[in-house]
$ cat final.cif   # mmCIF, C-alpha atoms
data_work
#
loop_
_atom_site.group_PDB
_atom_site.id
_atom_site.type_symbol
_atom_site.label_atom_id
_atom_site.label_comp_id
_atom_site.auth_asym_id
_atom_site.auth_seq_id
_atom_site.Cartn_x
_atom_site.Cartn_y
_atom_site.Cartn_z
ATOM 1 C CA MET A 2 87.255 103.456 126.888
ATOM 2 C CA LYS A 3 88.313 100.868 124.304
ATOM 3 C CA ASN A 4 88.731 101.788 120.649
ATOM 4 C CA THR A 5 86.842 99.837 117.995
ATOM 5 C CA MET A 6 88.554 98.159 115.090
ATOM 6 C CA LYS A 7 86.812 100.620 112.785
ATOM 7 C CA GLN A 8 88.492 103.549 114.543
ATOM 8 C CA TYR A 9 91.903 102.057 113.773
ATOM 9 C CA VAL A 10 90.974 101.336 110.159
ATOM 10 C CA ASP A 11 89.488 104.809 109.638
ATOM 11 C CA TYR A 12 92.674 106.366 111.018
ATOM 12 C CA ILE A 13 94.778 104.518 108.426
ATOM 13 C CA VAL A 14 92.322 105.013 105.548
ATOM 14 C CA ASN A 15 92.330 108.743 106.283
ATOM 15 C CA GLY A 16 96.095 108.995 106.020
ATOM 16 C CA GLY A 17 97.625 107.431 109.138
ATOM 17 C CA LYS A 18 100.915 105.746 108.249
ATOM 18 C CA SER A 19 100.429 102.356 109.861
ATOM 19 C CA THR A 20 99.658 98.787 108.854
ATOM 20 C CA MET A 21 97.781 96.586 111.313
ATOM 21 C CA LEU A 22 98.960 93.006 111.816
ATOM 22 C CA GLY A 23 96.579 90.060 111.746
ATOM 23 C CA ILE A 24 98.129 87.323 113.916
ATOM 24 C CA GLY A 25 97.304 83.684 113.265
ATOM 25 C CA PRO A 26 96.827 82.064 116.720
ATOM 26 C CA MET A 27 99.267 79.214 116.178
ATOM 27 C CA SER A 28 99.858 78.403 119.870
ATOM 28 C CA PRO A 29 99.273 79.642 123.443
ATOM 29 C CA ALA A 30 102.965 80.618 123.664
ATOM 30 C CA LEU A 31 102.564 82.862 120.606
ATOM 31 C CA ILE A 32 99.478 84.477 122.144
ATOM 32 C CA GLN A 33 101.403 85.266 125.340
ATOM 33 C CA ALA A 34 104.337 86.681 123.380
ATOM 34 C CA CYS A 35 101.970 88.947 121.432
ATOM 35 C CA PHE A 36 100.349 90.287 124.584
ATOM 36 C CA GLU A 37 103.753 90.902 126.178
ATOM 37 C CA LEU A 38 104.997 92.774 123.115
ATOM 38 C CA GLY A 39 101.690 94.609 122.749
ATOM 39 C CA LYS A 40 101.971 95.801 126.334
ATOM 40 C CA GLU A 41 105.593 96.881 125.865
ATOM 41 C CA LYS A 42 104.964 98.754 122.591
ATOM 42 C CA ASP A 43 101.363 99.868 123.305
ATOM 43 C CA LEU A 44 100.019 98.127 120.197
ATOM 44 C CA PRO A 45 96.504 96.948 119.297
ATOM 45 C CA LEU A 46 96.387 93.210 118.550
ATOM 46 C CA MET A 47 94.298 91.438 115.949
ATOM 47 C CA PHE A 48 94.028 87.634 116.211
ATOM 48 C CA ILE A 49 92.797 85.937 113.028
ATOM 49 C CA ALA A 50 91.506 82.363 113.367
ATOM 50 C CA SER A 51 90.603 80.184 110.403
ATOM 51 C CA ARG A 52 87.854 77.589 110.739
ATOM 52 C CA ASN A 53 90.490 74.835 110.715
ATOM 53 C CA GLN A 54 92.326 76.512 113.616
ATOM 54 C CA VAL A 55 89.360 77.491 115.809
ATOM 55 C CA ASP A 56 85.771 76.313 115.365
ATOM 56 C CA ALA A 57 82.796 74.924 117.236
ATOM 57 C CA ASP A 58 83.029 71.576 119.029
ATOM 58 C CA GLU A 59 80.201 70.237 116.887
ATOM 59 C CA PHE A 60 82.580 70.527 113.895
ATOM 60 C CA GLY A 61 85.495 68.968 115.761
ATOM 61 C CA ALA A 62 86.909 72.195 117.253
ATOM 62 C CA GLY A 63 90.223 73.511 115.890
ATOM 63 C CA TYR A 64 93.643 71.965 115.386
ATOM 64 C CA VAL A 65 95.227 74.735 117.480
ATOM 65 C CA ASN A 66 94.974 73.825 121.177
ATOM 66 C CA ASN A 67 91.607 72.145 120.515
ATOM 67 C CA TRP A 68 90.047 75.619 120.703
ATOM 68 C CA ASP A 69 86.424 76.342 120.018
ATOM 69 C CA GLN A 70 85.391 79.997 119.872
ATOM 70 C CA PHE A 71 84.485 80.250 123.554
ATOM 71 C CA ARG A 72 87.667 78.597 124.863
ATOM 72 C CA PHE A 73 89.693 80.715 122.450
ATOM 73 C CA ALA A 74 88.080 83.934 123.711
ATOM 74 C CA ALA A 75 88.456 82.882 127.362
ATOM 75 C CA ASP A 76 92.108 81.894 126.966
ATOM 76 C CA LEU A 77 92.947 85.180 125.233
ATOM 77 C CA LYS A 78 91.349 87.142 128.054
ATOM 78 C CA ALA A 79 93.171 85.052 130.671
ATOM 79 C CA MET A 80 96.477 85.600 128.868
ATOM 80 C CA ALA A 81 95.900 89.349 128.573
ATOM 81 C CA ASP A 82 95.127 89.509 132.296
ATOM 82 C CA LYS A 83 98.157 87.362 133.141
ATOM 83 C CA VAL A 84 100.627 89.738 131.455
ATOM 84 C CA GLY A 85 98.737 92.909 132.390
ATOM 85 C CA PHE A 86 97.820 93.884 128.842
ATOM 86 C CA GLU A 87 95.230 96.672 128.997
ATOM 87 C CA GLY A 88 95.189 97.735 125.356
ATOM 88 C CA ASP A 89 92.839 96.830 122.516
ATOM 89 C CA TYR A 90 92.740 93.353 121.038
ATOM 90 C CA PHE A 91 90.303 91.892 118.563
ATOM 91 C CA LEU A 92 89.020 88.391 117.823
ATOM 92 C CA CYS A 93 88.669 87.845 114.087
ATOM 93 C CA ARG A 94 87.274 85.053 111.980
ATOM 94 C CA ASP A 95 89.626 84.450 109.054
ATOM 95 C CA HIS A 96 88.208 82.724 105.977
ATOM 96 C CA GLY A 97 84.777 81.978 107.351
ATOM 97 C CA GLY A 98 82.255 80.550 104.924
ATOM 98 C CA PRO A 99 81.202 77.379 103.099
ATOM 99 C CA TRP A 100 83.758 74.596 102.558
ATOM 100 C CA GLN A 101 86.357 76.506 104.603
ATOM 101 C CA ARG A 102 87.046 73.514 106.822
ATOM 102 C CA ASP A 103 89.236 71.074 104.913
ATOM 103 C CA LYS A 104 86.975 68.119 105.721
ATOM 104 C CA GLU A 105 83.912 69.834 104.217
ATOM 105 C CA ARG A 106 85.795 70.394 100.984
ATOM 106 C CA LYS A 107 87.302 66.891 100.854
ATOM 107 C CA ASP A 108 83.871 65.355 101.474
ATOM 108 C CA HIS A 109 82.363 67.435 98.647
ATOM 109 C CA ILE A 110 79.313 68.229 100.758
ATOM 110 C CA PRO A 111 76.437 69.868 98.824
ATOM 111 C CA GLU A 112 76.216 73.665 98.657
ATOM 112 C CA ALA A 113 73.091 73.916 100.830
ATOM 113 C CA GLU A 114 74.786 71.915 103.597
ATOM 114 C CA ALA A 115 78.044 73.881 103.276
ATOM 115 C CA MET A 116 76.180 77.188 103.592
ATOM 116 C CA ALA A 117 74.230 75.889 106.597
ATOM 117 C CA LEU A 118 77.465 74.870 108.354
ATOM 118 C CA ALA A 119 79.011 78.249 107.544
ATOM 119 C CA ARG A 120 76.011 80.042 109.056
ATOM 120 C CA ARG A 121 76.221 77.908 112.187
ATOM 121 C CA SER A 122 79.942 78.627 112.562
ATOM 122 C CA TYR A 123 79.276 82.374 112.286
ATOM 123 C CA GLN A 124 76.567 82.085 114.944
ATOM 124 C CA VAL A 125 79.067 80.630 117.407
ATOM 125 C CA ASP A 126 81.606 83.320 116.427
ATOM 126 C CA MET A 127 79.079 86.016 117.282
ATOM 127 C CA ASP A 128 77.937 84.321 120.496
ATOM 128 C CA ALA A 129 81.586 84.102 121.607
ATOM 129 C CA GLY A 130 82.113 87.824 121.051
ATOM 130 C CA PHE A 131 84.230 87.928 117.886
ATOM 131 C CA ASP A 132 84.796 91.419 116.464
ATOM 132 C CA LEU A 133 85.448 90.780 112.758
ATOM 133 C CA LEU A 134 83.915 88.167 110.452
ATOM 134 C CA HIS A 135 85.617 87.307 107.173
ATOM 135 C CA ILE A 136 82.966 86.377 104.635
ATOM 136 C CA ASP A 137 84.785 84.207 102.102
ATOM 137 C CA PRO A 138 82.571 82.015 99.893
ATOM 138 C CA THR A 139 85.265 81.394 97.268
ATOM 139 C CA LYS A 140 86.260 77.847 98.260
ATOM 140 C CA ASP A 141 84.142 75.449 96.224
ATOM 141 C CA PRO A 142 85.039 71.781 95.589
ATOM 142 C CA TYR A 143 82.892 71.799 92.475
ATOM 143 C CA VAL A 144 84.897 74.493 90.651
ATOM 144 C CA VAL A 145 88.465 73.429 91.514
ATOM 145 C CA GLY A 146 91.025 74.976 89.179
ATOM 146 C CA LYS A 147 88.531 77.483 87.792
ATOM 147 C CA VAL A 148 87.674 81.071 88.674
ATOM 148 C CA ILE A 149 84.443 81.171 90.677
ATOM 149 C CA ASP A 150 81.842 83.339 88.996
ATOM 150 C CA ILE A 151 81.833 86.790 90.602
ATOM 151 C CA GLU A 152 78.048 86.827 90.657
ATOM 152 C CA LEU A 153 78.108 83.705 92.810
ATOM 153 C CA VAL A 154 80.678 85.266 95.159
ATOM 154 C CA LEU A 155 78.556 88.434 95.429
ATOM 155 C CA SER A 156 75.284 86.633 96.086
ATOM 156 C CA ARG A 157 76.799 84.309 98.716
ATOM 157 C CA THR A 158 78.582 87.227 100.394
ATOM 158 C CA VAL A 159 75.406 89.310 100.673
ATOM 159 C CA GLU A 160 73.428 86.272 101.846
ATOM 160 C CA LEU A 161 75.894 85.539 104.651
ATOM 161 C CA ILE A 162 76.172 89.167 105.804
ATOM 162 C CA ARG A 163 72.362 89.396 105.803
ATOM 163 C CA PHE A 164 72.179 86.239 107.936
ATOM 164 C CA CYS A 165 74.788 87.520 110.403
ATOM 165 C CA GLU A 166 73.075 90.878 110.781
ATOM 166 C CA ASP A 167 69.661 89.245 111.288
ATOM 167 C CA TYR A 168 71.146 86.952 113.943
ATOM 168 C CA ARG A 169 72.937 89.845 115.636
ATOM 169 C CA LYS A 170 69.771 91.932 115.854
ATOM 170 C CA ALA A 171 67.540 89.051 116.938
ATOM 171 C CA ASN A 172 69.930 88.228 119.783
ATOM 172 C CA LYS A 173 70.739 91.852 120.690
ATOM 173 C CA LEU A 174 74.451 91.318 120.135
ATOM 174 C CA LYS A 175 77.115 93.998 119.659
ATOM 175 C CA GLU A 176 78.057 95.459 116.283
ATOM 176 C CA PHE A 177 80.272 93.253 114.124
ATOM 177 C CA PHE A 178 82.587 94.282 111.310
ATOM 178 C CA TYR A 179 83.087 92.409 108.079
ATOM 179 C CA GLU A 180 85.969 91.478 105.815
ATOM 180 C CA VAL A 181 85.210 90.328 102.265
ATOM 181 C CA GLY A 182 87.137 89.022 99.301
ATOM 182 C CA THR A 183 90.027 86.611 99.045
ATOM 183 C CA GLU A 184 93.641 86.424 97.984
ATOM 184 C CA GLU A 185 93.009 83.125 96.193
ATOM 185 C CA THR A 186 93.281 83.233 92.404
ATOM 186 C CA ASN A 187 90.064 81.246 92.066
ATOM 187 C CA GLY A 188 88.261 84.099 93.823
ATOM 188 C CA GLY A 189 88.452 86.101 90.604
ATOM 189 C CA LEU A 190 89.577 89.347 92.305
ATOM 190 C CA THR A 191 93.236 89.440 91.317
ATOM 191 C CA ASP A 192 92.598 91.920 88.485
ATOM 192 C CA ILE A 193 92.459 95.635 89.416
ATOM 193 C CA ASN A 194 89.285 96.293 87.417
ATOM 194 C CA ALA A 195 87.551 93.220 88.834
ATOM 195 C CA TYR A 196 88.501 94.357 92.342
ATOM 196 C CA GLU A 197 86.865 97.757 91.946
ATOM 197 C CA ALA A 198 83.819 96.346 90.159
ATOM 198 C CA PHE A 199 83.361 93.858 93.013
ATOM 199 C CA ILE A 200 83.541 96.578 95.695
ATOM 200 C CA ASN A 201 81.161 98.840 93.793
ATOM 201 C CA GLU A 202 78.561 96.150 93.127
ATOM 202 C CA LEU A 203 78.795 94.705 96.644
ATOM 203 C CA ASN A 204 78.342 98.122 98.254
ATOM 204 C CA GLN A 205 75.293 98.803 96.102
ATOM 205 C CA ARG A 206 73.672 95.504 97.042
ATOM 206 C CA LEU A 207 74.439 95.925 100.740
ATOM 207 C CA SER A 208 73.140 99.510 100.757
ATOM 208 C CA ALA A 209 69.930 98.435 99.013
ATOM 209 C CA GLU A 210 69.229 96.057 101.921
ATOM 210 C CA GLY A 211 70.399 98.415 104.664
ATOM 211 C CA LEU A 212 73.357 96.146 105.448
ATOM 212 C CA PRO A 213 76.732 97.466 106.664
ATOM 213 C CA GLN A 214 79.626 98.069 104.306
ATOM 214 C CA PRO A 215 82.710 95.877 104.840
ATOM 215 C CA LEU A 216 85.585 97.146 106.965
ATOM 216 C CA PHE A 217 88.253 95.302 104.968
ATOM 217 C CA ILE A 218 88.491 94.123 101.370
ATOM 218 C CA VAL A 219 91.179 91.533 100.657
ATOM 219 C CA GLY A 220 93.431 92.340 97.710
ATOM 220 C CA GLN A 221 96.161 90.356 95.963
ATOM 221 C CA THR A 222 99.412 92.279 96.428
ATOM 222 C CA GLY A 223 101.520 89.483 94.961
ATOM 223 C CA THR A 224 102.272 87.563 98.171
ATOM 224 C CA LEU A 225 102.000 83.781 98.260
ATOM 225 C CA THR A 226 102.995 81.494 101.137
ATOM 226 C CA ARG A 227 104.141 77.957 100.422
ATOM 227 C CA LEU A 228 105.607 75.750 103.163
ATOM 228 C CA THR A 229 108.305 77.838 104.897
ATOM 229 C CA ARG A 230 108.798 80.702 102.450
ATOM 230 C CA ASN A 231 106.981 83.356 100.491
ATOM 231 C CA VAL A 232 107.110 82.371 96.845
ATOM 232 C CA GLY A 233 105.096 85.362 95.648
ATOM 233 C CA HIS A 234 106.370 88.569 94.083
ATOM 234 C CA PHE A 235 105.197 91.614 96.024
ATOM 235 C CA ASN A 236 103.897 94.189 93.542
ATOM 236 C CA ASP A 237 104.330 97.815 94.650
ATOM 237 C CA LYS A 238 102.323 99.232 91.762
ATOM 238 C CA GLN A 239 99.378 96.873 92.186
ATOM 239 C CA SER A 240 99.391 97.405 95.954
ATOM 240 C CA ALA A 241 99.229 101.182 95.504
ATOM 241 C CA GLU A 242 96.394 100.850 92.976
ATOM 242 C CA LEU A 243 94.437 98.502 95.216
ATOM 243 C CA SER A 244 94.835 100.766 98.257
ATOM 244 C CA ALA A 245 93.784 103.802 96.197
ATOM 245 C CA ILE A 246 90.605 101.980 95.188
ATOM 246 C CA SER A 247 89.760 100.722 98.666
ATOM 247 C CA THR A 248 90.497 104.151 100.182
ATOM 248 C CA ARG A 249 88.153 105.753 97.661
ATOM 249 C CA TYR A 250 85.384 103.525 98.988
ATOM 250 C CA GLY A 251 86.341 104.161 102.616
ATOM 251 C CA VAL A 252 87.442 100.605 103.380
ATOM 252 C CA GLY A 253 90.789 99.097 104.351
ATOM 253 C CA LEU A 254 92.941 97.011 101.999
ATOM 254 C CA LYS A 255 93.802 93.696 103.697
ATOM 255 C CA GLU A 256 96.784 91.674 102.529
ATOM 256 C CA HIS A 257 96.934 87.942 103.209
ATOM 257 C CA ASN A 258 100.006 85.684 103.030
ATOM 258 C CA GLY A 259 102.345 88.223 104.620
ATOM 259 C CA ASP A 260 104.515 85.428 106.042
ATOM 260 C CA TYR A 261 108.286 85.409 105.496
ATOM 261 C CA LEU A 262 108.411 88.819 103.776
ATOM 262 C CA PRO A 263 111.756 90.623 104.162
ATOM 263 C CA ASP A 264 111.994 93.863 106.137
ATOM 264 C CA GLU A 265 112.488 96.013 103.034
ATOM 265 C CA ILE A 266 109.044 94.954 101.773
ATOM 266 C CA LEU A 267 107.360 95.217 105.169
ATOM 267 C CA LEU A 268 108.665 98.768 105.563
ATOM 268 C CA LYS A 269 106.846 99.768 102.360
ATOM 269 C CA HIS A 270 103.429 98.728 103.662
ATOM 270 C CA PRO A 271 102.443 101.870 105.618
ATOM 271 C CA GLY A 272 103.490 104.167 102.772
ATOM 272 C CA LEU A 273 101.513 102.066 100.292
ATOM 273 C CA ARG A 274 98.520 102.377 102.645
ATOM 274 C CA ILE A 275 98.039 98.656 103.074
ATOM 275 C CA THR A 276 95.687 98.817 106.036
ATOM 276 C CA ALA A 277 96.368 95.361 107.462
ATOM 277 C CA MET A 278 98.393 92.247 106.746
ATOM 278 C CA ASN A 279 97.826 88.656 107.891
ATOM 279 C CA VAL A 280 100.609 86.342 109.093
ATOM 280 C CA ALA A 281 100.035 82.833 110.456
ATOM 281 C CA PRO A 282 102.129 79.790 109.481
ATOM 282 C CA ALA A 283 105.416 81.705 109.855
ATOM 283 C CA TYR A 284 104.809 81.974 113.599
ATOM 284 C CA GLY A 285 104.381 78.221 113.889
ATOM 285 C CA THR A 286 107.566 77.669 111.880
ATOM 286 C CA ILE A 287 109.591 80.094 113.993
ATOM 287 C CA GLU A 288 108.321 78.648 117.267
ATOM 288 C CA THR A 289 109.050 75.075 116.130
ATOM 289 C CA ARG A 290 112.584 76.013 115.083
ATOM 290 C CA ALA A 291 113.112 77.683 118.463
ATOM 291 C CA TYR A 292 112.058 74.505 120.283
ATOM 292 C CA LEU A 293 114.408 72.412 118.130
ATOM 293 C CA LYS A 294 117.245 74.815 118.878
ATOM 294 C CA LEU A 295 116.489 74.728 122.603
ATOM 295 C CA ALA A 296 116.471 70.924 122.473
ATOM 296 C CA GLU A 297 119.974 71.009 120.963
ATOM 297 C CA VAL A 298 121.160 73.423 123.648
ATOM 298 C CA GLU A 299 119.646 71.253 126.366
ATOM 299 C CA LYS A 300 121.554 68.207 125.099
ATOM 300 C CA ILE A 301 124.806 70.194 125.210
#
$ encode --input "final.cif" --output "structure tokens"
Amino acid sequence: MKNTMKQYVDYIVNGGKSTMLGIGPMSPALIQACFELGKEKDLPLMFIASRNQVDADEFGAGYVNNWDQFRFAADLKAMADKVGFEGDYFLCRDHGGPWQRDKERKDHIPEAEAMALARRSYQVDMDAGFDLLHIDPTKDPYVVGKVIDIELVLSRTVELIRFCEDYRKANKLKEFFYEVGTEETNGGLTDINAYEAFINELNQRLSAEGLPQPLFIVGQTGTLTRLTRNVGHFNDKQSAELSAISTRYGVGLKEHNGDYLPDEILLKHPGLRITAMNVAPAYGTIETRAYLKLAEVEKI
């Protein structure tokens, strides 16, 4: 019997010394490598796809392998079968929500249209069997360079979770888990007090409507990916405070922008009780460099 993502998160929240890895699906070769390593090490795998990387054909699909959600799910299953991976793996929507496709933001589409497109994208996610939906309404072309009002983030988050749950029930779909919050500074959650206030208020609003609590809350641990390096400054103290808060509420702390971090920082993650960490562009960089190196060797 397969384990659910919540079982893994609960294990870590309750004291298990592990940090899950969210893998950006940068190429089919990366997917195969992950399944091979997952089989060898008996690891659960968590694939995190942004709307730019994987999305419905009606939006232009994704820039990675021209994947929509259904082709993405089918190719992952085919790859798992090919290498004989029999463990747990999860399909996750990373940064779902309004204006999360670059074109929507560049075109400055109105809020009502952006929310409608976000809802449609989530519908296809659910139809394709995704396991985790990141509800991130903090990208807004009309408040560039400013902190988005937390009340607006809360109301949009609850609205989108309510929509997803209504759709799930109406179509008799499986249970989905949710990730909320953002690592972006304009999300307004970089302050410790704001982080806890957001969790507390969100949980109250969700409970009042009988909606599920989130599985992950994104926190800013100090990481920041730019081009081919991490230009952030990982903050042990803030990470410990954030994980203490999220643990108190029974949810997992999710770190984004984990690319290019040195081993000495990665080794701290389980002890700091960072439940999961996302890595994406680094895999594309590493694979590209490997191809360039192989091209040099082939010439020789």
$ closest_atom_pairs --input "final.cif" --of "range 85-156 of chain A" --to "range 71-79 of chain A" --cutoff "10 Å" --atoms "all atoms listed in the file" --output "CSV"
residue,atom,partner,partner_atom,distance
A:Gly85,CA,A:Ala79,CA,9.8
A:Phe86,CA,A:Lys78,CA,9.4
A:Tyr90,CA,A:Leu77,CA,9.2
A:Phe91,CA,A:Ala74,CA,9.7
A:Leu92,CA,A:Ala74,CA,7.4
A:Val125,CA,A:Phe71,CA,8.2
A:Asp126,CA,A:Phe71,CA,8.3
A:Asp128,CA,A:Phe71,CA,8.3
A:Ala129,CA,A:Phe71,CA,5.2
A:Gly130,CA,A:Ala74,CA,7.6
A:Phe131,CA,A:Ala74,CA,8.0
$ closest_atom_pairs --input "final.cif" --of "range 77-178 of chain A" --to "range 54-62 of chain A" --cutoff "9 Å" --atoms "only C-alpha atoms" --output "tab-separated table"
residue	atom	partner	partner_atom	distance
A:Arg94	CA	A:Val55	CA	8.7
A:Arg102	CA	A:Phe60	CA	8.9
A:Leu118	CA	A:Phe60	CA	8.7
A:Arg121	CA	A:Ala57	CA	8.8
A:Ser122	CA	A:Ala57	CA	6.6
A:Val125	CA	A:Ala57	CA	6.8
A:Asp126	CA	A:Asp56	CA	8.2
$ write_last_selection --input "final.cif" --atoms "C-alpha atoms" --output "PDB file, in the frame of the given file"
ATOM      1  CA  ARG A  94      87.274  85.053 111.980  1.00  0.00           C
ATOM      2  CA  ARG A 102      87.046  73.514 106.822  1.00  0.00           C
ATOM      3  CA  LEU A 118      77.465  74.870 108.354  1.00  0.00           C
ATOM      4  CA  ARG A 121      76.221  77.908 112.187  1.00  0.00           C
ATOM      5  CA  SER A 122      79.942  78.627 112.562  1.00  0.00           C
ATOM      6  CA  VAL A 125      79.067  80.630 117.407  1.00  0.00           C
ATOM      7  CA  ASP A 126      81.606  83.320 116.427  1.00  0.00           C
TER       8      ASP A 126
END
$ atom_distance --input "final.cif" --atom1 "CA of Asp103 in chain A" --atom2 "CA of Tyr143 in chain A"
14.0 Å
$ closest_residue --input "final.cif" --among "A:Gly272, A:Pro142, A:Gly251, A:Gly17" --to "Glu112 in chain A" --atoms "all atoms listed in the file"
A:Pro142
$ resolve_selection --input "final.cif" --expression "the PyMOL selection byres ((chain A and resi 237) around 10)" --output "list in words"
Thr222, Gly223, His234, Phe235, Asn236, Lys238, Gln239, Ser240, Ala241, Glu242, Leu243, Ile266, Lys269, His270 and Leu273 of chain A
$ write_last_selection --input "final.cif" --atoms "C-alpha atoms" --output "PDB file, in the coordinates of the input"
ATOM      1  CA  THR A 222      99.412  92.279  96.428  1.00  0.00           C
ATOM      2  CA  GLY A 223     101.520  89.483  94.961  1.00  0.00           C
ATOM      3  CA  HIS A 234     106.370  88.569  94.083  1.00  0.00           C
ATOM      4  CA  PHE A 235     105.197  91.614  96.024  1.00  0.00           C
ATOM      5  CA  ASN A 236     103.897  94.189  93.542  1.00  0.00           C
ATOM      6  CA  LYS A 238     102.323  99.232  91.762  1.00  0.00           C
ATOM      7  CA  GLN A 239      99.378  96.873  92.186  1.00  0.00           C
ATOM      8  CA  SER A 240      99.391  97.405  95.954  1.00  0.00           C
ATOM      9  CA  ALA A 241      99.229 101.182  95.504  1.00  0.00           C
ATOM     10  CA  GLU A 242      96.394 100.850  92.976  1.00  0.00           C
ATOM     11  CA  LEU A 243      94.437  98.502  95.216  1.00  0.00           C
ATOM     12  CA  ILE A 266     109.044  94.954 101.773  1.00  0.00           C
ATOM     13  CA  LYS A 269     106.846  99.768 102.360  1.00  0.00           C
ATOM     14  CA  HIS A 270     103.429  98.728 103.662  1.00  0.00           C
ATOM     15  CA  LEU A 273     101.513 102.066 100.292  1.00  0.00           C
TER      16      LEU A 273
END
$ closest_residue --input "final.cif" --among "A:Asn4, A:Asn258, A:Thr139, A:Thr20" --to "Ala277 in chain A" --atoms "all atoms listed in the file"
A:Thr20
$ residues_around --input "final.cif" --residues "Thr276 in chain A" --least-positions-apart "6" --cutoff "6 Å" --atoms "all atoms listed in the file" --output "ChimeraX atom specification"
/A:20,253-255
